[in-house]
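Working notes, structure below.
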Amino acid sequence: MSCLDIIADYGLRSLGIGERVLPRGDITLCHQFTLIGSGLIWNLYFGLLALALGFVFATALALAKAAGNPWLRKPAEWFIFLFRGSPLFIQFFLAYEALVLLPKSGIPVFGITIETAWTTKAWAGALFVLFLNTSAYSAEIFYGALRAVPKGDIEAAEAYGFTGWKKFRRILWPTTLRLAWPAYTNEAIFLFHATTLVYFSGFPAFQQRGDALYYAKFFADKTFNPFIPYPIAAFYFVCLTLALIGLFGVINRRLNRHLPGQSRPKLRIRPQIIR
Amino acid sequence: MFASCADPKTLEGLAWLMCYLTSGKHMLFYGSFLVVLALMLIVAPVALAFGFGGALAARSPFAPLRWFGKGYTAMVRGVPDIIFFLFVPVAMDQGLEWLRHLWTCPPTGEPVWSNGEFNVCAAAKIPLSTTPQIWHEVYGFALAVIAFAVVFGAFAANVLYGAMNAVPRAQLETAEAYGMSPAQVRRRILIPQMWTYALPGLSNLWLILIKATPLLFLLGVEDIVYWARELGSTKSAIYDYPHPDWRVWYFLALLVYYLGMTRISELLLGRLSARLSRGQATMAGEAMRKAGA
């Protein structure tokens, strides 16, 4: 069986396409690379969607936390403290156990029953938790950046007659993003790392469709040799991290394009966030 | 625990709850909180020592040592920490057994890793299968401590490396001008002065360490997550204290526990930060000087 056959069989195994039975007995390097790479699809799915949805919600949360009105500020502060102050692992467990308790037959709302079974699946439930979690972390970053917007910028905007939405859209928001971007890059990288927790935290891997680390652990348990699958998974994640740094670097350059070369902030990866 | 709990089936309401929460299994659950605390208190100094070694190695003038230090600090940036938590204990365990295998076992001529199995003779198992259960648990816990120390040592090395670079160059040059040797400069100036710069990063690490402790569950240690799942799951009538699926409440309790730990740590670290900023040539130190004057 050549490596190309194996890729054809197992390349999309994590989505349920291709061979159902996982390899046993004769496990080659090609099997390990293919299946672990196949699992990476889920890491990408969780990471990209949570990041994209979380970005919007985090902006709203940061604005709420910076608002003068305590009815906006207090809930935002509590939300951020709740998700930043507790382990993601516990959040996953708690969310799963809470979702399991929803009535199996669905919730009747105005005569229509809303299905609940799908919420306990990893693709929905875990994504939801990751979305809330990254929103809280990003909101704190955006809030810090919002507070660091130079006073002169805002005064200049007001002198030009910018108010309300227009002031936010044209002045505050771009500067906030520019200031927050290095820290936000960090957050994005560690969000992708955090996606490896999903299948270890209660959410079942339906028909053994798991993420990269799920398959790495599968191989480590099957072959009793941790020295091959885990470095392969690590290799994939290093590549993913480098790709992220590249992508965020491009955006960083775009955000800072009006600044003279020397004063543009460089992206530095500081490992400060795990959940 | 209490005499009144002898027959739980007859109890109701608060008395039932009190007996339920003091049952033997629950005592083990409360004990596992101590396991988690012990893990944090052991890992923190060990990881700090690892970090110190890593940061000093990364500053070393001797190139291979410097590469090792830089490699160690770069390790955690690209790779999820969970991979290390899964990898290090198994790798350590197999490595130690393999060494012991070379030492004690008669040569069989067969490779240790073959046909999807890891074969060492019975005399090379760590701990030996004849040792009491408690030592198996201690060994598992020790491997977990090493895994945590390796990962958090790398994080700490990053923080300390940055802090050492942040000590004002002029202070080190002054020390050199007084005729101190590099080792003296390091011991008398660099390391004492570094702490105020390292503290924000280290306090961040402490908060991260608190939040990483539930991962003990992945390493097979009977920690609070294990007991929360165990105790919360549905108990049928054959148990002394039958109840439906209560796991969500147990995890809610864990969530509150962690939030409390985070809050207390934040308050304590805030005080420590104020203490270390006193008299320093930083913004915080300057603000304190002005407030006092």
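Identifiers for the structure tokens are assigned positionally: chains receive A, B, ... in sequence, residues are indexed from 1 per chain, and ligands are indexed from 1 in the order shown.
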- prompt: Once you count only C-alpha atoms, which residues of chain A turn out to be within 8 Å of chain B? Could you give them as a ChimeraX atom specification?
  reply: /A:25,82,85-91,93-94,97-98,190,193-194,196-197,200,213,217,222-227,230,233-235,237-238,241-242,269-275
Could those residues be written to a file, using N, CA and C atoms, as a compact mmCIF listing (two decimals), in the first residue's frame?
# COMPACT_ATOMS: atom_id res chain seq x y z
N GLY A 25 -2.22 -2.70 13.61
CA GLY A 25 -1.15 -3.59 13.19
C GLY A 25 -0.02 -2.83 12.54
N LEU A 82 -14.99 36.04 34.44
CA LEU A 82 -15.44 34.65 34.48
C LEU A 82 -14.63 33.78 33.53
N GLY A 85 -10.67 34.05 34.32
CA GLY A 85 -10.23 33.62 35.64
C GLY A 85 -10.36 32.14 35.89
N SER A 86 -10.99 31.41 34.96
CA SER A 86 -11.17 29.97 35.19
C SER A 86 -10.54 29.21 34.03
N PRO A 87 -10.17 27.96 34.27
CA PRO A 87 -9.51 27.18 33.23
C PRO A 87 -10.46 26.82 32.09
N LEU A 88 -9.95 26.88 30.88
CA LEU A 88 -10.75 26.51 29.71
C LEU A 88 -11.24 25.06 29.83
N PHE A 89 -10.36 24.23 30.41
CA PHE A 89 -10.68 22.81 30.56
C PHE A 89 -11.97 22.63 31.38
N ILE A 90 -12.08 23.39 32.49
CA ILE A 90 -13.27 23.32 33.33
C ILE A 90 -14.46 23.91 32.58
N GLN A 91 -14.23 24.97 31.82
CA GLN A 91 -15.33 25.57 31.05
C GLN A 91 -15.91 24.57 30.06
N PHE A 93 -15.85 21.24 30.33
CA PHE A 93 -16.60 20.23 31.08
C PHE A 93 -17.95 20.77 31.51
N LEU A 94 -17.92 21.98 32.08
CA LEU A 94 -19.16 22.56 32.61
C LEU A 94 -20.17 22.76 31.48
N GLU A 97 -21.57 19.34 30.39
CA GLU A 97 -22.52 18.76 31.33
C GLU A 97 -23.83 19.56 31.35
N ALA A 98 -23.73 20.86 31.20
CA ALA A 98 -24.94 21.69 31.18
C ALA A 98 -25.75 21.41 29.93
N PHE A 190 -2.43 31.17 20.67
CA PHE A 190 -2.74 30.31 21.80
C PHE A 190 -4.18 29.80 21.73
N HIS A 193 -3.74 26.71 19.82
CA HIS A 193 -3.20 25.67 20.70
C HIS A 193 -4.27 25.12 21.63
N ALA A 194 -5.17 26.00 22.06
CA ALA A 194 -6.21 25.58 23.00
C ALA A 194 -7.22 24.64 22.34
N THR A 196 -6.71 22.05 20.92
CA THR A 196 -6.34 20.65 21.12
C THR A 196 -7.02 20.06 22.36
N LEU A 197 -7.56 20.92 23.22
CA LEU A 197 -8.18 20.42 24.45
C LEU A 197 -9.56 19.82 24.19
N PHE A 200 -10.42 16.19 24.71
CA PHE A 200 -10.00 15.59 25.97
C PHE A 200 -10.90 16.04 27.10
N LEU A 213 -4.40 16.19 17.91
CA LEU A 213 -3.86 15.58 19.12
C LEU A 213 -4.62 14.30 19.48
N LYS A 217 -2.60 10.91 20.11
CA LYS A 217 -2.71 10.10 21.30
C LYS A 217 -3.13 8.68 20.93
N LYS A 222 -1.58 3.14 20.69
CA LYS A 222 -1.56 1.92 19.88
C LYS A 222 -0.15 1.34 19.77
N THR A 223 0.83 2.20 19.52
CA THR A 223 2.18 1.70 19.24
C THR A 223 3.07 1.71 20.47
N PHE A 224 2.59 2.24 21.59
CA PHE A 224 3.40 2.39 22.79
C PHE A 224 4.67 3.17 22.53
N ASN A 225 4.63 4.02 21.54
CA ASN A 225 5.82 4.79 21.23
C ASN A 225 5.43 6.25 21.07
N PRO A 226 5.65 7.07 22.11
CA PRO A 226 5.23 8.47 22.02
C PRO A 226 6.20 9.33 21.21
N PHE A 227 7.33 8.76 20.84
CA PHE A 227 8.39 9.59 20.25
C PHE A 227 8.12 9.92 18.79
N TYR A 230 3.70 12.38 18.72
CA TYR A 230 3.66 13.71 19.32
C TYR A 230 4.56 14.70 18.60
N ALA A 233 2.65 15.82 15.57
CA ALA A 233 1.63 16.82 15.90
C ALA A 233 2.30 18.17 16.20
N ALA A 234 3.42 18.11 16.93
CA ALA A 234 4.14 19.35 17.24
C ALA A 234 4.59 20.04 15.97
N PHE A 235 5.07 19.23 15.02
CA PHE A 235 5.53 19.79 13.75
C PHE A 235 4.39 20.52 13.03
N PHE A 237 1.83 21.86 14.37
CA PHE A 237 1.46 23.08 15.08
C PHE A 237 2.50 24.18 14.90
N VAL A 238 3.78 23.78 14.79
CA VAL A 238 4.79 24.81 14.51
C VAL A 238 4.50 25.45 13.16
N THR A 241 1.57 27.73 13.53
CA THR A 241 1.96 28.96 14.22
C THR A 241 2.70 29.90 13.28
N LEU A 242 3.62 29.34 12.49
CA LEU A 242 4.38 30.19 11.57
C LEU A 242 3.45 30.81 10.53
N ILE A 269 6.35 37.21 19.60
CA ILE A 269 5.49 36.18 20.17
C ILE A 269 5.91 35.95 21.61
N ARG A 270 5.04 36.37 22.51
CA ARG A 270 5.32 36.16 23.92
C ARG A 270 4.35 35.12 24.45
N PRO A 271 4.86 34.03 24.95
CA PRO A 271 3.96 32.97 25.39
C PRO A 271 3.34 33.32 26.73
N GLN A 272 2.28 34.09 26.72
CA GLN A 272 1.71 34.51 27.99
C GLN A 272 0.31 33.97 28.22
N ILE A 273 -0.26 33.37 27.20
CA ILE A 273 -1.65 32.96 27.37
C ILE A 273 -1.80 31.47 27.16
N ILE A 274 -2.09 30.75 28.23
CA ILE A 274 -2.74 29.47 28.02
C ILE A 274 -3.95 29.47 28.93
N ARG A 275 -4.85 28.63 28.60
CA ARG A 275 -6.06 28.68 29.44
C ARG A 275 -6.13 27.45 30.29
- request: Considering only C-alpha atoms, return as a PyMOL selection string whatever protein or nucleic-acid residues lie within 12 Å of B:Leu102, sequence-local ones (same chain, fewer than 3 positions apart) excluded.
  value: chain B and resi 95-99+105-112+119-121+123-125
query: What is the distance between atom CA of B:Glu222 and atom CA of B:His136, in Å to one decimal?
result: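 One can read the atom CA of B:Glu222 to atom CA of B:His136 distance as 12.1 Å.
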query: Can you list, as a list in words, every protein, DNA or RNA residue that comes within 10 Å of A:Leu244 when you count only C-alpha atoms, leaving out same-chain residues fewer than 2 positions away?
result: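 The filter keeps Thr185, Asn186, Ala188, Ile189, Phe192, Val238, Cys239, Leu240, Thr241, Leu242, Gly246, Leu247, Phe248, Gly249 and Val250 of chain A.
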With N, CA and C atoms kept, could you save the residues just selected as a PDB file, in the first residue's frame?
ATOM      1  N   THR A 185      -2.220  38.872  18.135  1.00  0.00           N
ATOM      2  CA  THR A 185      -1.555  37.785  17.411  1.00  0.00           C
ATOM      3  C   THR A 185      -1.251  36.639  18.366  1.00  0.00           C
ATOM      4  N   ASN A 186      -0.704  37.018  19.528  1.00  0.00           N
ATOM      5  CA  ASN A 186      -0.433  36.048  20.578  1.00  0.00           C
ATOM      6  C   ASN A 186      -1.674  35.261  20.949  1.00  0.00           C
ATOM      7  N   ALA A 188      -4.324  34.776  19.223  1.00  0.00           N
ATOM      8  CA  ALA A 188      -4.754  33.892  18.136  1.00  0.00           C
ATOM      9  C   ALA A 188      -3.945  32.601  18.158  1.00  0.00           C
ATOM     10  N   ILE A 189      -2.635  32.721  18.346  1.00  0.00           N
ATOM     11  CA  ILE A 189      -1.782  31.523  18.353  1.00  0.00           C
ATOM     12  C   ILE A 189      -2.205  30.597  19.484  1.00  0.00           C
ATOM     13  N   PHE A 192      -5.425  28.695  18.898  1.00  0.00           N
ATOM     14  CA  PHE A 192      -5.252  27.485  18.091  1.00  0.00           C
ATOM     15  C   PHE A 192      -4.669  26.361  18.932  1.00  0.00           C
ATOM     16  N   VAL A 238       3.776  23.784  14.789  1.00  0.00           N
ATOM     17  CA  VAL A 238       4.795  24.805  14.512  1.00  0.00           C
ATOM     18  C   VAL A 238       4.505  25.447  13.157  1.00  0.00           C
ATOM     19  N   CYS A 239       4.161  24.614  12.163  1.00  0.00           N
ATOM     20  CA  CYS A 239       3.834  25.149  10.837  1.00  0.00           C
ATOM     21  C   CYS A 239       2.630  26.088  10.927  1.00  0.00           C
ATOM     22  N   LEU A 240       1.601  25.646  11.681  1.00  0.00           N
ATOM     23  CA  LEU A 240       0.393  26.455  11.822  1.00  0.00           C
ATOM     24  C   LEU A 240       0.732  27.792  12.475  1.00  0.00           C
ATOM     25  N   THR A 241       1.574  27.732  13.531  1.00  0.00           N
ATOM     26  CA  THR A 241       1.964  28.957  14.219  1.00  0.00           C
ATOM     27  C   THR A 241       2.699  29.899  13.284  1.00  0.00           C
ATOM     28  N   LEU A 242       3.623  29.337  12.494  1.00  0.00           N
ATOM     29  CA  LEU A 242       4.382  30.187  11.573  1.00  0.00           C
ATOM     30  C   LEU A 242       3.455  30.814  10.535  1.00  0.00           C
ATOM     31  N   GLY A 246       2.779  34.783   9.952  1.00  0.00           N
ATOM     32  CA  GLY A 246       2.900  35.401   8.639  1.00  0.00           C
ATOM     33  C   GLY A 246       1.657  36.205   8.287  1.00  0.00           C
ATOM     34  N   LEU A 247       0.494  35.577   8.477  1.00  0.00           N
ATOM     35  CA  LEU A 247      -0.778  36.230   8.126  1.00  0.00           C
ATOM     36  C   LEU A 247      -0.998  37.481   8.969  1.00  0.00           C
ATOM     37  N   PHE A 248      -0.792  37.340  10.278  1.00  0.00           N
ATOM     38  CA  PHE A 248      -1.009  38.488  11.155  1.00  0.00           C
ATOM     39  C   PHE A 248       0.039  39.573  10.910  1.00  0.00           C
ATOM     40  N   GLY A 249       1.233  39.150  10.460  1.00  0.00           N
ATOM     41  CA  GLY A 249       2.261  40.130  10.123  1.00  0.00           C
ATOM     42  C   GLY A 249       1.831  41.005   8.953  1.00  0.00           C
ATOM     43  N   VAL A 250       1.189  40.370   7.951  1.00  0.00           N
ATOM     44  CA  VAL A 250       0.707  41.135   6.792  1.00  0.00           C
ATOM     45  C   VAL A 250      -0.321  42.175   7.250  1.00  0.00           C
TER      46      VAL A 250
END
Distance of atom CA of B:Met40 from atom CA of B:Val145, expressed in Å to one decimal place: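 For atom CA of B:Val145 relative to atom CA of B:Met40, the distance reads 8.8 Å.
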query: Taking only C-alpha atoms into account, which of A:Leu132, A:Leu255, A:Pro231, A:Thr195 comes nearest A:Thr175?
result: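 Result for the nearest residue to A:Thr175: A:Leu255.
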query: Which of stretch 28-227 of chain A counts as alpha helix (DSSP H) under DSSP, as JSON, numbers by chain please?
result: {"A": [29, 30, 31, 32, 33, 34, 35, 36, 37, 38, 39, 40, 41, 42, 43, 44, 45, 46, 47, 48, 49, 50, 51, 52, 53, 54, 55, 56, 57, 58, 59, 60, 61, 62, 63, 64, 65, 66, 70, 71, 72, 73, 74, 75, 76, 77, 78, 79, 80, 81, 82, 83, 84, 85, 88, 89, 90, 91, 92, 93, 94, 95, 96, 97, 98, 99, 100, 122, 123, 124, 125, 126, 127, 128, 129, 130, 131, 132, 133, 134, 135, 136, 137, 138, 139, 140, 141, 142, 143, 144, 145, 146, 147, 151, 152, 153, 154, 155, 156, 157, 158, 159, 164, 165, 166, 167, 173, 174, 175, 176, 177, 178, 179, 180, 181, 182, 183, 184, 185, 186, 187, 188, 189, 190, 191, 192, 193, 194, 212, 213, 214, 215, 216, 217, 218, 219, 220, 221, 222, 223]}
File dump, residues just selected, C-alpha atoms, as a compact mmCIF listing (two decimals), in the first residue's frame:
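Wrote selection29.txt, looks like this:
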# COMPACT_ATOMS: atom_id res chain seq x y z
CA LEU A 29 4.99 6.92 9.31
CA CYS A 30 2.73 7.79 6.39
CA HIS A 31 -0.33 6.66 8.36
CA GLN A 32 0.67 8.87 11.26
CA PHE A 33 1.40 11.94 9.15
CA THR A 34 -1.83 11.55 7.17
CA LEU A 35 -4.21 10.97 10.06
CA ILE A 36 -2.73 13.60 12.35
CA GLY A 37 -2.80 16.05 9.45
CA SER A 38 -6.39 15.06 8.80
CA GLY A 39 -7.22 15.88 12.43
CA LEU A 40 -5.71 19.32 11.97
CA ILE A 41 -8.81 20.20 9.91
CA TRP A 42 -10.77 20.32 13.17
CA ASN A 43 -8.18 22.52 14.86
CA LEU A 44 -8.42 24.90 11.93
CA TYR A 45 -12.21 24.80 12.02
CA PHE A 46 -12.42 25.58 15.74
CA GLY A 47 -9.64 28.15 15.64
CA LEU A 48 -10.73 30.10 12.58
CA LEU A 49 -14.44 30.26 13.42
CA ALA A 50 -13.90 31.10 17.09
CA LEU A 51 -11.41 33.78 16.12
CA ALA A 52 -13.67 35.35 13.50
CA LEU A 53 -16.81 35.34 15.65
CA GLY A 54 -14.87 36.25 18.77
CA PHE A 55 -13.33 39.29 17.10
CA VAL A 56 -16.73 40.92 16.65
CA PHE A 57 -18.01 40.05 20.11
CA ALA A 58 -14.71 41.09 21.74
CA THR A 59 -14.93 44.54 20.16
CA ALA A 60 -18.41 44.96 21.58
CA LEU A 61 -17.29 43.69 24.99
CA ALA A 62 -14.29 46.02 25.07
CA LEU A 63 -16.51 48.99 24.26
CA ALA A 64 -18.96 47.90 26.95
CA LYS A 65 -16.19 47.59 29.50
CA ALA A 66 -14.93 51.07 28.61
CA PRO A 70 -22.53 50.64 34.80
CA TRP A 71 -25.35 48.59 33.24
CA LEU A 72 -23.03 47.98 30.30
CA ARG A 73 -19.72 47.99 32.15
CA LYS A 74 -20.47 45.59 34.99
CA PRO A 75 -21.76 42.66 32.89
CA ALA A 76 -18.79 43.01 30.55
CA GLU A 77 -16.35 43.06 33.48
CA TRP A 78 -17.96 39.97 35.00
CA PHE A 79 -18.02 38.12 31.72
CA ILE A 80 -14.34 38.81 31.13
CA PHE A 81 -13.40 37.84 34.69
CA LEU A 82 -15.44 34.65 34.48
CA PHE A 83 -13.78 33.41 31.32
CA ARG A 84 -10.27 34.67 32.00
CA GLY A 85 -10.23 33.62 35.64
CA LEU A 88 -10.75 26.51 29.71
CA PHE A 89 -10.68 22.81 30.56
CA ILE A 90 -13.27 23.32 33.33
CA GLN A 91 -15.33 25.57 31.05
CA PHE A 92 -15.50 22.78 28.48
CA PHE A 93 -16.60 20.23 31.08
CA LEU A 94 -19.16 22.56 32.61
CA ALA A 95 -20.62 23.53 29.25
CA TYR A 96 -20.83 19.92 28.15
CA GLU A 97 -22.52 18.76 31.33
CA ALA A 98 -24.94 21.69 31.18
CA LEU A 99 -25.79 21.02 27.52
CA VAL A 100 -26.37 17.33 28.24
CA ALA A 122 -18.14 19.07 19.67
CA TRP A 123 -18.57 21.05 16.47
CA ALA A 124 -21.22 23.22 18.10
CA GLY A 125 -20.72 23.03 21.86
CA ALA A 126 -16.94 23.26 21.94
CA LEU A 127 -16.97 25.97 19.30
CA PHE A 128 -19.37 27.97 21.44
CA VAL A 129 -17.13 27.69 24.51
CA LEU A 130 -14.04 28.60 22.51
CA PHE A 131 -15.89 31.55 21.03
CA LEU A 132 -16.85 32.91 24.47
CA ASN A 133 -13.39 32.22 25.85
CA THR A 134 -11.45 33.95 23.09
CA SER A 135 -13.95 36.83 23.19
CA ALA A 136 -13.11 37.42 26.85
CA TYR A 137 -9.34 37.29 26.30
CA SER A 138 -9.49 39.47 23.17
CA ALA A 139 -11.86 41.92 24.85
CA GLU A 140 -9.31 42.48 27.61
CA ILE A 141 -6.63 43.12 24.97
CA PHE A 142 -8.87 45.49 23.01
CA TYR A 143 -9.93 47.24 26.20
CA GLY A 144 -6.30 47.86 27.12
CA ALA A 145 -5.59 49.18 23.64
CA LEU A 146 -8.71 51.36 23.68
CA ARG A 147 -7.52 52.99 26.88
CA LYS A 151 -5.60 61.72 23.79
CA GLY A 152 -4.38 63.94 20.95
CA ASP A 153 -5.91 61.64 18.33
CA ILE A 154 -9.36 61.91 19.89
CA GLU A 155 -9.09 65.68 20.34
CA ALA A 156 -7.97 66.08 16.75
CA ALA A 157 -10.91 63.96 15.56
CA GLU A 158 -13.34 66.06 17.58
CA ALA A 159 -11.79 69.27 16.24
CA GLY A 164 -20.29 59.07 17.50
CA TRP A 165 -20.10 56.17 15.10
CA LYS A 166 -17.95 58.02 12.59
CA LYS A 167 -15.35 58.92 15.22
CA TRP A 173 -11.17 51.56 16.10
CA PRO A 174 -8.21 51.59 13.67
CA THR A 175 -5.89 52.92 16.36
CA THR A 176 -7.15 50.40 18.88
CA LEU A 177 -6.56 47.56 16.44
CA ARG A 178 -3.11 48.88 15.60
CA LEU A 179 -2.13 49.04 19.26
CA ALA A 180 -3.72 45.71 20.13
CA TRP A 181 -2.40 43.75 17.17
CA PRO A 182 0.83 42.28 18.62
CA ALA A 183 -1.01 41.02 21.71
CA TYR A 184 -3.93 39.83 19.59
CA THR A 185 -1.56 37.78 17.41
CA ASN A 186 -0.43 36.05 20.58
CA GLU A 187 -4.01 35.39 21.55
CA ALA A 188 -4.75 33.89 18.14
CA ILE A 189 -1.78 31.52 18.35
CA PHE A 190 -2.74 30.31 21.80
CA LEU A 191 -6.35 29.95 20.75
CA PHE A 192 -5.25 27.48 18.09
CA HIS A 193 -3.20 25.67 20.70
CA ALA A 194 -6.21 25.58 23.00
CA ALA A 212 -4.70 16.31 15.50
CA LEU A 213 -3.86 15.58 19.12
CA TYR A 214 -6.67 13.03 19.37
CA TYR A 215 -5.07 10.99 16.60
CA ALA A 216 -1.57 11.56 17.99
CA LYS A 217 -2.71 10.10 21.30
CA PHE A 218 -4.43 7.27 19.45
CA PHE A 219 -1.13 6.33 17.77
CA ALA A 220 0.88 6.77 20.97
CA ASP A 221 -1.50 4.41 22.77
CA LYS A 222 -1.56 1.92 19.88
CA THR A 223 2.18 1.70 19.24
Show which residues sit within 8 Å of B:Glu176, as a JSON list (two decimals) with all heavy atoms, in the first residue's frame. Count only C-alpha atoms, and ignore same-chain residues fewer than 5 positions away.
[["chain", "number", "residue", "atom", "x", "y", "z"],
["B", 181, "SER", "N", 33.77, 40.88, 38.93],
["B", 181, "SER", "CA", 33.89, 39.90, 37.84],
["B", 181, "SER", "C", 32.49, 39.63, 37.28],
["B", 181, "SER", "O", 31.49, 39.97, 37.93],
["B", 181, "SER", "CB", 34.49, 38.61, 38.40],
["B", 181, "SER", "OG", 33.55, 37.99, 39.23],
["B", 182, "PRO", "N", 32.40, 39.02, 36.08],
["B", 182, "PRO", "CA", 31.07, 38.75, 35.51],
["B", 182, "PRO", "C", 30.17, 37.97, 36.47],
["B", 182, "PRO", "O", 28.98, 38.26, 36.59],
["B", 182, "PRO", "CB", 31.39, 37.92, 34.26],
["B", 182, "PRO", "CG", 32.75, 38.34, 33.88],
["B", 182, "PRO", "CD", 33.48, 38.70, 35.14],
["B", 185, "VAL", "N", 28.95, 40.37, 39.12],
["B", 185, "VAL", "CA", 27.91, 41.26, 38.58],
["B", 185, "VAL", "C", 26.59, 40.54, 38.52],
["B", 185, "VAL", "O", 25.55, 41.06, 38.93],
["B", 185, "VAL", "CB", 28.31, 41.75, 37.16],
["B", 185, "VAL", "CG1", 27.18, 42.56, 36.55],
["B", 185, "VAL", "CG2", 29.57, 42.57, 37.21]]
- request: May I have the residues within 12 Å of B:Ile189 as a PyMOL selection string, using only C-alpha atoms and disregarding those fewer than 3 positions away in the same chain?
  value: chain B and resi 164+167-176+178+180-186+192-195
- request: For atom CA of A:Trp118 and atom CA of A:Leu101, determine how far apart the two atoms are, in Å to one decimal place.
  value: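 Rounded to one decimal, the two atoms are 12.8 Å apart.
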